[in-house]
$ cat work.csv   # CSV, C-alpha atoms and all ligand atoms
chain,number,residue,atom,x,y,z
B,1174,MET,CA,71.8,94.4,85.0
B,1175,ALA,CA,70.6,96.5,88.0
B,1176,THR,CA,73.2,99.1,89.2
B,1177,THR,CA,75.5,97.6,91.8
B,1178,VAL,CA,76.6,99.4,94.9
B,1179,TYR,CA,79.9,97.7,95.5
B,1180,LEU,CA,81.0,98.0,99.1
B,1181,ASP,CA,83.3,95.0,99.4
B,1182,ASN,CA,86.6,96.6,98.4
B,1183,SER,CA,88.6,94.7,101.0
B,1184,ALA,CA,87.7,91.5,99.2
B,1185,THR,CA,88.8,93.0,95.9
B,1186,THR,CA,88.6,96.2,94.0
B,1187,PRO,CA,87.4,96.9,90.5
B,1188,LEU,CA,90.2,97.2,87.9
B,1189,SER,CA,91.1,100.8,87.2
B,1190,PRO,CA,91.0,102.1,83.6
B,1191,ALA,CA,94.7,102.9,83.9
B,1192,ALA,CA,95.5,99.3,85.0
B,1193,ARG,CA,93.4,97.9,82.3
B,1194,GLU,CA,95.1,100.0,79.6
B,1195,ALA,CA,98.6,99.0,80.8
B,1196,MET,CA,97.6,95.4,80.8
B,1197,ILE,CA,96.3,95.6,77.2
B,1198,GLY,CA,99.6,97.2,76.2
B,1199,ALA,CA,101.5,94.4,77.9
B,1200,MET,CA,99.6,91.7,76.0
B,1201,ASP,CA,101.3,92.8,72.8
B,1202,ALA,CA,104.8,93.2,74.4
B,1203,PHE,CA,104.9,89.5,74.8
B,1204,GLY,CA,108.7,89.0,75.3
B,1205,ASN,CA,110.2,87.0,78.2
B,1206,PRO,CA,112.1,89.5,80.3
B,1207,SER,CA,114.9,86.9,80.7
B,1208,SER,CA,115.5,86.6,76.9
B,1209,LEU,CA,118.6,88.3,75.6
B,1210,HIS,CA,117.1,89.5,72.3
B,1211,ALA,CA,115.2,92.7,71.5
B,1212,ARG,CA,111.8,91.4,72.6
B,1213,GLY,CA,113.2,90.2,75.9
B,1214,ALA,CA,115.0,93.6,76.4
B,1215,GLU,CA,111.6,95.4,75.8
B,1216,ALA,CA,109.9,93.2,78.4
B,1217,ALA,CA,112.9,93.5,80.9
B,1218,LYS,CA,112.6,97.3,80.6
B,1219,MET,CA,108.9,97.2,81.4
B,1220,LEU,CA,109.6,94.9,84.3
B,1221,ARG,CA,112.3,97.3,85.6
B,1222,GLN,CA,109.9,100.2,85.3
B,1223,ALA,CA,107.1,98.4,87.0
B,1224,ARG,CA,109.4,97.4,89.9
B,1225,ALA,CA,110.5,101.0,90.3
B,1226,THR,CA,106.9,102.3,90.2
B,1227,VAL,CA,105.7,99.8,92.9
B,1228,GLY,CA,108.8,100.6,94.9
B,1229,GLU,CA,108.1,104.3,94.7
B,1230,ALA,CA,104.5,103.7,95.9
B,1231,LEU,CA,106.1,102.1,98.9
B,1232,GLY,CA,108.2,105.2,99.4
B,1233,GLU,CA,111.4,103.7,98.1
B,1234,ARG,CA,112.8,105.6,95.1
B,1235,PHE,CA,116.0,103.7,94.5
B,1236,LEU,CA,115.5,100.0,95.1
B,1237,LYS,CA,118.5,97.7,94.7
B,1238,ASP,CA,118.3,94.4,92.8
B,1239,GLY,CA,116.2,91.9,94.8
B,1240,GLN,CA,114.4,94.5,96.9
B,1241,LEU,CA,111.0,94.0,95.3
B,1242,ILE,CA,110.0,90.4,94.4
B,1243,PHE,CA,106.9,90.0,92.3
B,1244,THR,CA,104.8,87.0,93.3
B,1245,SER,CA,101.5,85.5,92.3
B,1246,CYS,CA,99.6,87.2,95.1
B,1247,GLY,CA,99.9,88.6,98.6
B,1248,THR,CA,99.5,85.1,100.1
B,1249,GLU,CA,102.6,83.9,98.2
B,1250,ALA,CA,104.6,87.0,99.3
B,1251,SER,CA,103.8,86.3,103.0
B,1252,ALA,CA,104.6,82.6,102.6
B,1253,LEU,CA,108.0,83.6,101.0
B,1254,ALA,CA,108.6,86.0,103.9
B,1255,LEU,CA,107.8,83.6,106.7
B,1256,LEU,CA,109.0,80.3,105.4
B,1257,GLY,CA,111.9,81.8,103.4
B,1258,THR,CA,113.2,83.4,106.5
B,1259,ALA,CA,112.7,80.4,108.8
B,1260,HIS,CA,114.4,78.1,106.4
B,1261,ALA,CA,117.4,80.3,105.5
B,1262,LYS,CA,120.8,78.8,106.3
B,1263,ALA,CA,121.8,82.1,107.8
B,1264,ARG,CA,119.1,81.6,110.4
B,1265,ARG,CA,120.1,82.6,113.9
B,1266,THR,CA,119.4,80.6,117.1
B,1267,ALA,CA,116.6,82.7,118.4
B,1268,ASN,CA,113.3,80.8,118.2
B,1269,THR,CA,110.3,83.0,119.1
B,1270,ILE,CA,107.9,84.5,116.6
B,1271,LEU,CA,105.8,87.3,117.8
B,1272,THR,CA,102.5,88.1,116.1
B,1273,THR,CA,98.8,89.0,116.8
B,1274,ASP,CA,95.8,86.8,117.4
B,1275,SER,CA,94.1,88.3,114.3
B,1276,GLU,CA,96.4,87.8,111.4
B,1277,HIS,CA,95.1,86.9,107.9
B,1278,PRO,CA,95.2,83.1,107.2
B,1279,SER,CA,98.0,83.7,104.7
B,1280,VAL,CA,100.2,84.5,107.7
B,1281,GLU,CA,98.5,82.5,110.5
B,1282,LYS,CA,98.5,79.2,108.6
B,1283,ASN,CA,102.3,79.5,107.9
B,1284,LEU,CA,102.9,80.2,111.5
B,1285,CYS,CA,101.0,77.0,112.4
B,1286,GLN,CA,103.4,75.2,110.1
B,1287,LEU,CA,106.4,76.8,111.7
B,1288,GLU,CA,105.1,75.8,115.2
B,1289,LYS,CA,105.1,72.2,114.0
B,1290,GLU,CA,108.7,72.7,112.9
B,1291,GLY,CA,109.7,73.8,116.4
B,1292,PHE,CA,109.3,77.6,116.6
B,1293,THR,CA,107.5,79.1,119.5
B,1294,VAL,CA,104.7,81.4,118.3
B,1295,VAL,CA,103.3,84.1,120.6
B,1296,ARG,CA,100.0,85.6,119.5
B,1297,VAL,CA,99.4,88.9,121.3
B,1298,ALA,CA,95.7,89.9,122.0
B,1299,THR,CA,94.0,92.5,119.9
B,1300,ARG,CA,90.8,92.9,121.9
B,1301,GLY,CA,88.7,95.8,120.6
B,1302,GLY,CA,91.2,96.2,117.8
B,1303,VAL,CA,93.8,97.4,120.3
B,1304,LEU,CA,97.1,95.5,120.4
B,1305,ASP,CA,98.2,94.6,124.0
B,1306,MET,CA,101.4,96.6,124.2
B,1307,ASP,CA,102.3,95.3,127.7
B,1308,ALA,CA,102.3,91.8,126.3
B,1309,VAL,CA,104.4,92.9,123.3
B,1310,ARG,CA,106.9,94.5,125.7
B,1311,GLN,CA,107.0,91.3,127.8
B,1312,HIS,CA,107.7,89.1,124.8
B,1313,CYS,CA,110.4,91.4,123.2
B,1314,THR,CA,113.4,89.4,124.5
B,1315,ARG,CA,116.7,88.3,123.0
B,1316,ASP,CA,114.9,85.1,121.8
B,1317,LEU,CA,112.9,86.9,119.2
B,1318,PHE,CA,113.5,85.4,115.8
B,1319,MET,CA,110.8,87.2,113.9
B,1320,VAL,CA,107.8,89.6,114.3
B,1321,THR,CA,105.0,89.4,111.8
B,1322,MET,CA,102.2,91.9,112.1
B,1323,MET,CA,99.6,93.2,109.8
B,1324,LEU,CA,99.3,97.0,109.2
B,1325,VAL,CA,95.5,97.0,108.9
B,1326,ASN,CA,93.1,94.2,109.9
B,1327,ASN,CA,91.0,93.1,107.0
B,1328,GLU,CA,87.9,92.4,109.1
B,1329,THR,CA,87.8,95.2,111.6
B,1330,GLY,CA,89.9,97.9,110.0
B,1331,ALA,CA,92.1,98.1,113.1
B,1332,ARG,CA,95.4,99.8,112.4
B,1333,TYR,CA,98.1,98.1,114.5
B,1334,PRO,CA,101.2,100.1,115.7
B,1335,VAL,CA,103.6,98.0,113.7
B,1336,GLU,CA,106.3,100.8,113.7
B,1337,GLU,CA,106.4,100.8,117.5
B,1338,VAL,CA,106.4,97.0,117.8
B,1339,PHE,CA,109.2,96.6,115.3
B,1340,ALA,CA,111.3,99.2,117.1
B,1341,LEU,CA,110.8,97.4,120.4
B,1342,ALA,CA,111.6,94.1,118.9
B,1343,ARG,CA,114.8,95.4,117.3
B,1344,ALA,CA,115.9,97.0,120.6
B,1345,ALA,CA,115.5,93.7,122.3
B,1346,ALA,CA,116.9,91.5,119.5
B,1347,PRO,CA,118.8,93.3,116.8
B,1348,ASP,CA,118.8,90.3,114.5
B,1349,CYS,CA,115.1,89.9,114.6
B,1350,VAL,CA,113.3,89.9,111.2
B,1351,CYS,CA,110.3,92.2,111.0
B,1352,HIS,CA,107.6,91.3,108.5
B,1353,CYS,CA,104.4,93.3,107.8
B,1354,ASP,CA,101.4,92.1,105.9
B,1355,ALA,CA,100.4,95.5,104.4
B,1356,VAL,CA,97.9,94.2,102.0
B,1357,GLN,CA,95.0,96.2,103.6
B,1358,GLY,CA,97.0,99.3,104.3
B,1359,PHE,CA,98.9,99.8,101.1
B,1360,LEU,CA,97.6,102.9,99.4
B,1361,LYS,CA,94.7,103.1,101.7
B,1362,LEU,CA,96.7,105.3,104.1
B,1363,PRO,CA,100.0,107.1,103.6
B,1364,MET,CA,102.8,104.5,104.4
B,1365,ARG,CA,106.5,104.3,103.7
B,1366,VAL,CA,108.2,101.0,104.1
B,1367,ARG,CA,111.2,102.6,105.9
B,1368,THR,CA,109.0,104.4,108.4
B,1369,VAL,CA,107.2,101.2,109.1
B,1370,GLY,CA,110.6,99.7,109.7
B,1371,ALA,CA,109.9,96.4,108.0
B,1372,ASP,CA,112.6,94.0,106.7
B,1373,LEU,CA,109.9,92.4,104.6
B,1374,LEU,CA,106.5,93.8,103.6
B,1375,THR,CA,103.7,92.2,101.6
B,1376,VAL,CA,101.4,93.9,99.1
B,1377,SER,CA,98.8,92.8,96.6
B,1378,ALA,CA,97.6,94.3,93.4
B,1379,HIS,CA,93.9,93.5,93.5
B,1380,LYS,CA,93.2,95.5,96.6
B,1381,ILE,CA,94.4,98.7,94.9
B,1382,HIS,CA,92.4,98.5,91.7
B,1383,GLY,CA,95.0,96.3,90.0
B,1384,PRO,CA,94.5,92.8,88.7
B,1385,LYS,CA,94.2,89.6,90.7
B,1386,GLY,CA,97.0,87.1,90.7
B,1387,VAL,CA,99.9,89.4,91.4
B,1388,GLY,CA,101.6,90.6,94.6
B,1389,ALA,CA,105.0,91.7,95.8
B,1390,LEU,CA,107.3,91.3,98.7
B,1391,TYR,CA,109.6,94.2,99.6
B,1392,VAL,CA,112.9,93.0,101.0
B,1393,SER,CA,115.3,95.2,102.9
B,1394,GLU,CA,119.0,95.6,101.9
B,1395,ARG,CA,120.0,94.0,105.2
B,1396,MET,CA,118.0,90.8,104.4
B,1397,LEU,CA,119.7,90.5,101.0
B,1398,LYS,CA,123.2,91.3,102.3
B,1399,GLU,CA,122.9,88.8,105.1
B,1400,ARG,CA,121.2,86.2,102.9
B,1401,ARG,CA,118.4,85.8,105.4
B,1402,LEU,CA,115.7,84.8,102.9
B,1403,VAL,CA,115.6,81.7,100.7
B,1404,ALA,CA,113.3,80.8,97.9
B,1405,PHE,CA,110.8,78.0,98.1
B,1406,LEU,CA,110.1,78.1,94.3
B,1407,GLN,CA,113.2,76.8,92.6
B,1408,GLY,CA,113.8,77.0,88.9
B,1409,GLY,CA,115.1,79.6,86.5
B,1410,GLY,CA,116.3,82.0,89.1
B,1411,GLN,CA,114.0,84.9,88.2
B,1412,GLU,CA,113.3,87.7,90.7
B,1413,HIS,CA,116.8,87.7,92.1
B,1414,GLY,CA,116.6,83.9,92.6
B,1415,LEU,CA,113.9,84.4,95.2
B,1416,ARG,CA,110.9,83.5,93.1
B,1417,SER,CA,111.6,81.4,90.0
B,1418,GLY,CA,109.0,81.3,87.2
B,1419,THR,CA,108.5,83.6,84.3
B,1420,GLU,CA,107.0,86.9,85.5
B,1421,ASN,CA,103.3,87.6,85.0
B,1422,MET,CA,104.1,90.6,82.8
B,1423,ILE,CA,100.4,91.5,82.1
B,1424,GLY,CA,99.6,91.4,85.8
B,1425,ILE,CA,102.7,93.3,86.8
B,1426,ALA,CA,102.0,96.0,84.2
B,1427,GLY,CA,98.5,96.4,85.7
B,1428,PHE,CA,99.9,96.4,89.2
B,1429,ALA,CA,102.3,99.2,88.5
B,1430,ALA,CA,99.7,101.4,86.8
B,1431,ALA,CA,97.3,100.9,89.7
B,1432,ALA,CA,100.1,101.6,92.2
B,1433,ALA,CA,101.2,104.8,90.4
B,1434,GLU,CA,97.6,106.1,90.4
B,1435,GLY,CA,97.0,105.1,94.0
B,1436,ALA,CA,100.2,106.8,95.2
B,1437,ARG,CA,99.2,110.0,93.6
B,1438,ASN,CA,95.8,110.0,95.2
B,1439,VAL,CA,96.3,108.3,98.6
B,1440,CYS,CA,95.6,111.3,100.8
B,1441,ALA,CA,92.5,112.5,99.0
B,1442,ALA,CA,91.2,108.9,98.8
B,1443,MET,CA,91.7,108.4,102.5
B,1444,ALA,CA,89.9,111.6,103.3
B,1445,HIS,CA,87.0,110.7,101.0
B,1446,MET,CA,86.7,107.2,102.5
B,1447,GLN,CA,86.8,108.6,106.0
B,1448,GLY,CA,83.9,110.9,105.0
B,1449,LEU,CA,82.0,107.8,103.8
B,1450,ALA,CA,82.7,105.8,107.0
B,1451,ASP,CA,81.6,108.8,109.2
B,1452,ARG,CA,78.4,109.1,107.2
B,1453,LEU,CA,77.7,105.4,107.6
B,1454,ILE,CA,78.4,105.4,111.3
B,1455,ALA,CA,76.3,108.6,111.9
B,1456,GLY,CA,73.5,107.0,109.9
B,1457,LEU,CA,73.5,103.9,112.2
B,1458,ALA,CA,73.6,106.0,115.4
B,1459,GLY,CA,70.5,105.3,117.6
B,1460,SER,CA,69.7,102.1,115.6
B,1461,GLU,CA,69.9,98.5,116.8
B,1462,ILE,CA,73.0,98.0,114.6
B,1463,ARG,CA,76.3,98.2,116.5
B,1464,VAL,CA,79.5,99.5,114.9
B,1465,ASN,CA,82.7,97.6,115.9
B,1466,ARG,CA,85.1,100.5,115.5
B,1467,PRO,CA,88.6,100.2,116.9
B,1468,PRO,CA,90.0,103.5,118.4
B,1469,CYS,CA,92.7,103.5,115.6
B,1470,ALA,CA,91.0,102.4,112.4
B,1471,ALA,CA,91.7,102.7,108.7
B,1472,ALA,CA,89.1,104.7,106.9
B,1473,HIS,CA,88.0,102.1,104.4
B,1474,ILE,CA,86.7,99.2,106.6
B,1475,VAL,CA,83.6,99.4,108.9
B,1476,SER,CA,82.5,96.3,110.8
B,1477,ILE,CA,78.9,96.2,112.0
B,1478,THR,CA,76.9,93.8,114.2
B,1479,LEU,CA,73.2,93.3,113.5
B,1480,PRO,CA,70.5,92.8,116.1
B,1481,HIS,CA,70.0,89.0,116.1
B,1482,ILE,CA,69.9,88.8,112.2
B,1483,LYS,CA,72.3,86.4,110.7
B,1484,SER,CA,74.9,88.1,108.5
B,1485,GLU,CA,74.0,85.8,105.6
B,1486,THR,CA,70.4,86.7,105.8
B,1487,MET,CA,71.2,90.4,105.7
B,1488,LEU,CA,73.8,89.8,103.0
B,1489,HIS,CA,71.1,88.3,100.7
B,1490,HIS,CA,68.7,91.1,101.5
B,1491,LEU,CA,71.3,93.6,100.5
B,1492,SER,CA,72.3,91.6,97.5
B,1493,ALA,CA,68.7,91.6,96.3
B,1494,ALA,CA,68.9,95.4,96.5
B,1495,GLY,CA,72.0,95.4,94.4
B,1496,ILE,CA,74.4,96.0,97.3
B,1497,CYS,CA,77.6,94.0,97.8
B,1498,VAL,CA,79.2,93.7,101.2
B,1499,SER,CA,80.6,90.7,103.0
B,1500,ALA,CA,80.2,88.7,106.2
B,1501,GLY,CA,83.6,89.0,107.9
B,1502,SER,CA,86.2,88.6,105.2
B,1503,ALA,CA,85.8,87.0,101.7
B,1504,CYS,CA,88.4,84.3,102.4
B,1505,SER,CA,86.7,83.3,105.8
B,1506,SER,CA,83.6,82.4,103.7
B,1507,HIS,CA,85.4,79.1,103.1
B,1508,ALA,CA,86.0,78.5,106.8
B,1509,SER,CA,83.5,76.9,109.1
B,1510,GLY,CA,82.6,78.4,112.4
B,1511,PRO,CA,82.7,82.1,113.6
B,1512,SER,CA,85.6,84.3,112.5
B,1513,SER,CA,88.5,83.9,114.8
B,1514,VAL,CA,89.4,87.6,114.1
B,1515,LEU,CA,86.0,88.8,115.4
B,1516,LEU,CA,86.3,86.5,118.4
B,1517,ALA,CA,89.7,88.0,119.1
B,1518,PHE,CA,88.1,91.5,118.8
B,1519,GLY,CA,85.8,90.4,121.7
B,1520,LEU,CA,82.6,89.4,119.9
B,1521,THR,CA,80.7,86.3,121.1
B,1522,PRO,CA,80.3,83.5,118.5
B,1523,SER,CA,76.7,84.5,117.9
B,1524,GLU,CA,77.6,88.2,117.5
B,1525,ALA,CA,80.4,87.2,115.1
B,1526,ASP,CA,77.7,85.3,113.2
B,1527,THR,CA,75.6,88.5,112.8
B,1528,THR,CA,78.5,90.7,111.7
B,1529,LEU,CA,79.0,92.4,108.3
B,1530,ARG,CA,82.0,94.1,106.8
B,1531,ILE,CA,81.5,97.2,104.6
B,1532,SER,CA,84.6,98.3,102.8
B,1533,PHE,CA,85.0,101.4,100.6
B,1534,SER,CA,87.1,102.5,97.8
B,1535,ALA,CA,87.7,106.1,96.6
B,1536,GLU,CA,85.1,105.4,93.9
B,1537,ASN,CA,82.2,105.1,96.3
B,1538,THR,CA,79.8,107.9,96.9
B,1539,ALA,CA,77.7,109.4,99.7
B,1540,GLN,CA,74.6,108.4,97.8
B,1541,GLU,CA,75.7,104.8,97.9
B,1542,VAL,CA,76.2,105.0,101.6
B,1543,ASP,CA,72.6,106.3,101.9
B,1544,THR,CA,71.3,103.5,99.7
B,1545,LEU,CA,73.1,101.0,102.0
B,1546,LEU,CA,71.7,102.7,105.2
B,1547,ASP,CA,68.1,102.6,103.8
B,1548,ALA,CA,68.5,98.9,103.0
B,1549,LEU,CA,70.1,98.1,106.3
B,1550,HIS,CA,67.3,99.8,108.3
B,1551,GLU,CA,64.7,98.1,106.2
B,1552,GLY,CA,66.4,94.7,106.8
B,1553,VAL,CA,66.4,95.4,110.6
B,1554,ARG,CA,62.7,96.1,110.4
B,1555,THR,CA,61.7,93.1,108.3
B,1556,LEU,CA,64.2,90.2,108.5
B,1557,VAL,CA,63.8,87.1,110.7
B,1558,ARG,CA,65.8,87.2,114.0
B,1559,ILE,CA,67.6,84.4,115.6
B,1560,LYS,CA,67.7,83.6,119.3
B,1561,ARG,CA,71.0,84.6,121.0
B,1601,LIG,N1,96.6,89.8,103.8
B,1601,LIG,C1,95.4,90.4,104.1
B,1601,LIG,C2,95.3,91.3,105.3
B,1601,LIG,C3,94.3,90.3,103.2
B,1601,LIG,O1,93.2,90.9,103.4
B,1601,LIG,C4,94.5,89.5,102.0
B,1601,LIG,C5,93.4,89.2,101.1
B,1601,LIG,O2,92.2,89.4,101.5
B,1601,LIG,C6,95.7,88.8,101.9
B,1601,LIG,C7,96.7,89.0,102.8
B,1601,LIG,C8,95.9,87.9,100.7
B,1601,LIG,O3,96.1,88.6,99.5
B,1601,LIG,P1,95.9,87.8,98.1
B,1601,LIG,O4,94.5,87.7,97.9
B,1601,LIG,O5,96.6,88.7,97.1
B,1601,LIG,O6,96.6,86.5,98.2
$ encode --input "work.csv" --output "structure tokens"
Amino acid sequence: MATTVYLDNSATTPLSPAAREAMIGAMDAFGNPSSLHARGAEAAKMLRQARATVGEALGERFLKDGQLIFTSCGTEASALALLGTAHAKARRTANTILTTDSEHPSVEKNLCQLEKEGFTVVRVATRGGVLDMDAVRQHCTRDLFMVTMMLVNNETGARYPVEEVFALARAAAPDCVCHCDAVQGFLKLPMRVRTVGADLLTVSAHKIHGPKGVGALYVSERMLKERRLVAFLQGGGQEHGLRSGTENMIGIAGFAAAAAEGARNVCAAMAHMQGLADRLIAGLAGSEIRVNRPPCAAAHIVSITLPHIKSETMLHHLSAAGICVSAGSACSSHASGPSSVLLAFGLTPSEADTTLRISFSAENTAQEVDTLLDALHEGVRTLVRIKR
């Protein structure tokens, strides 16, 4: 197989050797962590250690029981956060949910459901990747029930000021629940869950060189004490009763190994990816390709708009050269019509249709960026253009 230049790390990342090794080890330690015999105790110990490791990667050294719930993916963790809070008996009377107009579908679709159930959802604009803070201030009232905001946007790389928003929300409505979808920020930039100020925070293993099919929800002590979260998967009461079902021990072992490694290297990785992004942006300067760079952006995601060339056409051209990138986000490839995130950024539908996302990991090299630049410039010279 020809060498692949993999630049689609926001869709998923390759499994790290450490994660792979931990998963192979976990295949033999087959016990059920809920069993009371020796095999169960062995698995329970592994589960405890994995929970502590992921907690530490989130900046929390001493998690209490129930503060880190393993789930089947980031999508499930956010669904638990949003629906589990909205449906809790301890729910207060406030009714407004504050969010952005560019959340991932795993948040947005649950918000649509909550709207049907009677909540008022306010989606603040993120034009140019900049959150409208005046609108945030205007909507931070006593009626705030919840704020849900992503740390880093998966299509544009915009880094939203969640810390500031959560602080404003709490000042206006002390009971308000603050949820952060940190799937694209976790271990891509230094982040501590306490500093973010989240009551609930979603992460996913496969974006940090862990396996697919495992995620986690961080839960603050306050949420647990006040019983403000209820499970939607009922059963054996695993994961502190918040997510029944026997834990995916192999996936969790891989998640913990990837998180430990990622936490050790986060600053160096970020600096390296920033170098790659700068190189890419410099290499596009003066060309017909426009970079959609928010003023505050994570290092690993670069969105570009092509001159009248459909993103799919360029994607296939790059793919033929062994280069993997994506058009918008991988999950939006199932959706019809232009990406709502790119429209929220301020692109026209036809610009959104000609936009690609390049996303790095610490494993990528300057040479790979140069290969991409050569292929992009060649594509711009040779590929068929559409009418705007
Ligand atoms: N949130 C964001 C911002 C994402 O980018 C993704 C995946 O692309 C998810 C949530 C969903 O994570 P998972 O694939 O683990 O369900």
$ residues_around --input "work.csv" --residues "B:Ala1450" --least-positions-apart "2" --cutoff "8 Å" --atoms "only C-alpha atoms" --output "VMD selection string"
chain B and resid 1446 to 1448 1452 to 1454 1472 to 1475
$ write_last_selection --input "work.csv" --atoms "C-alpha atoms" --output "mmCIF file, in the coordinates of the input"
data_model
loop_
_atom_site.group_PDB
_atom_site.id
_atom_site.type_symbol
_atom_site.label_atom_id
_atom_site.label_comp_id
_atom_site.auth_asym_id
_atom_site.auth_seq_id
_atom_site.Cartn_x
_atom_site.Cartn_y
_atom_site.Cartn_z
ATOM 1 C CA MET B 1446 86.700 107.200 102.500
ATOM 2 C CA GLN B 1447 86.800 108.600 106.000
ATOM 3 C CA GLY B 1448 83.900 110.900 105.000
ATOM 4 C CA ARG B 1452 78.400 109.100 107.200
ATOM 5 C CA LEU B 1453 77.700 105.400 107.600
ATOM 6 C CA ILE B 1454 78.400 105.400 111.300
ATOM 7 C CA ALA B 1472 89.100 104.700 106.900
ATOM 8 C CA HIS B 1473 88.000 102.100 104.400
ATOM 9 C CA ILE B 1474 86.700 99.200 106.600
ATOM 10 C CA VAL B 1475 83.600 99.400 108.900
#
$ residues_around --input "work.csv" --residues "B:Leu1287" --least-positions-apart "3" --cutoff "10 Å" --atoms "all atoms listed in the file" --output "VMD selection string"
chain B and resid 1255 to 1256 1259 to 1260 1270 1281 to 1284 1290 to 1294
$ write_last_selection --input "work.csv" --atoms "C-alpha atoms" --output "PDB file, in the frame of the given file"
ATOM      1  CA  LEU B1255     107.800  83.600 106.700  1.00  0.00           C
ATOM      2  CA  LEU B1256     109.000  80.300 105.400  1.00  0.00           C
ATOM      3  CA  ALA B1259     112.700  80.400 108.800  1.00  0.00           C
ATOM      4  CA  HIS B1260     114.400  78.100 106.400  1.00  0.00           C
ATOM      5  CA  ILE B1270     107.900  84.500 116.600  1.00  0.00           C
ATOM      6  CA  GLU B1281      98.500  82.500 110.500  1.00  0.00           C
ATOM      7  CA  LYS B1282      98.500  79.200 108.600  1.00  0.00           C
ATOM      8  CA  ASN B1283     102.300  79.500 107.900  1.00  0.00           C
ATOM      9  CA  LEU B1284     102.900  80.200 111.500  1.00  0.00           C
ATOM     10  CA  GLU B1290     108.700  72.700 112.900  1.00  0.00           C
ATOM     11  CA  GLY B1291     109.700  73.800 116.400  1.00  0.00           C
ATOM     12  CA  PHE B1292     109.300  77.600 116.600  1.00  0.00           C
ATOM     13  CA  THR B1293     107.500  79.100 119.500  1.00  0.00           C
ATOM     14  CA  VAL B1294     104.700  81.400 118.300  1.00  0.00           C
TER      15      VAL B1294
END
$ atom_distance --input "work.csv" --atom1 "atom CA of B:Ser1208" --atom2 "atom CA of B:Val1403"
24.3 Å
$ residues_around --input "work.csv" --residues "B:Ala1217" --least-positions-apart "6" --cutoff "9 Å" --atoms "only C-alpha atoms" --output "ChimeraX atom specification"
/B:1204-1208
$ atom_distance --input "work.csv" --atom1 "atom CA of B:Gly1519" --atom2 "atom CA of B:Val1335"
20.9 Å
$ closest_residue --input "work.csv" --among "B:Leu1415, B:Met1487, B:Ala1430, B:Ala1535" --to "B:Ala1442" --atoms "all atoms listed in the file"
B:Ala1535
$ build_atoms --input "work.csv" --residues "stretch 1228-1239 of chain B" --atoms "N, CA and C atoms" --output "PDB file, in the frame of the given file"
ATOM      1  N   GLY B1228     107.904 100.222  93.886  1.00  0.00           N
ATOM      2  CA  GLY B1228     108.800 100.600  94.900  1.00  0.00           C
ATOM      3  C   GLY B1228     108.553 102.072  95.372  1.00  0.00           C
ATOM      4  N   GLU B1229     108.332 102.932  94.394  1.00  0.00           N
ATOM      5  CA  GLU B1229     108.100 104.300  94.700  1.00  0.00           C
ATOM      6  C   GLU B1229     106.750 104.486  95.496  1.00  0.00           C
ATOM      7  N   ALA B1230     105.763 103.679  95.131  1.00  0.00           N
ATOM      8  CA  ALA B1230     104.500 103.700  95.900  1.00  0.00           C
ATOM      9  C   ALA B1230     104.679 103.279  97.325  1.00  0.00           C
ATOM     10  N   LEU B1231     105.757 102.516  97.554  1.00  0.00           N
ATOM     11  CA  LEU B1231     106.100 102.100  98.900  1.00  0.00           C
ATOM     12  C   LEU B1231     107.020 103.111  99.600  1.00  0.00           C
ATOM     13  N   GLY B1232     107.333 104.173  98.883  1.00  0.00           N
ATOM     14  CA  GLY B1232     108.200 105.200  99.400  1.00  0.00           C
ATOM     15  C   GLY B1232     109.678 104.960  99.228  1.00  0.00           C
ATOM     16  N   GLU B1233     110.027 103.995  98.373  1.00  0.00           N
ATOM     17  CA  GLU B1233     111.400 103.700  98.100  1.00  0.00           C
ATOM     18  C   GLU B1233     111.766 104.014  96.669  1.00  0.00           C
ATOM     19  N   ARG B1234     112.501 105.113  96.489  1.00  0.00           N
ATOM     20  CA  ARG B1234     112.800 105.600  95.100  1.00  0.00           C
ATOM     21  C   ARG B1234     113.850 104.781  94.424  1.00  0.00           C
ATOM     22  N   PHE B1235     114.815 104.320  95.199  1.00  0.00           N
ATOM     23  CA  PHE B1235     116.000 103.700  94.500  1.00  0.00           C
ATOM     24  C   PHE B1235     116.151 102.256  95.094  1.00  0.00           C
ATOM     25  N   LEU B1236     115.350 101.353  94.596  1.00  0.00           N
ATOM     26  CA  LEU B1236     115.500 100.000  95.100  1.00  0.00           C
ATOM     27  C   LEU B1236     116.663  99.291  94.417  1.00  0.00           C
ATOM     28  N   LYS B1237     117.366  98.512  95.212  1.00  0.00           N
ATOM     29  CA  LYS B1237     118.500  97.700  94.700  1.00  0.00           C
ATOM     30  C   LYS B1237     117.889  96.406  94.101  1.00  0.00           C
ATOM     31  N   ASP B1238     118.701  95.702  93.326  1.00  0.00           N
ATOM     32  CA  ASP B1238     118.300  94.400  92.800  1.00  0.00           C
ATOM     33  C   ASP B1238     117.818  93.484  93.920  1.00  0.00           C
ATOM     34  N   GLY B1239     116.680  92.869  93.755  1.00  0.00           N
ATOM     35  CA  GLY B1239     116.200  91.900  94.800  1.00  0.00           C
ATOM     36  C   GLY B1239     115.372  92.513  95.852  1.00  0.00           C
TER      37      GLY B1239
END
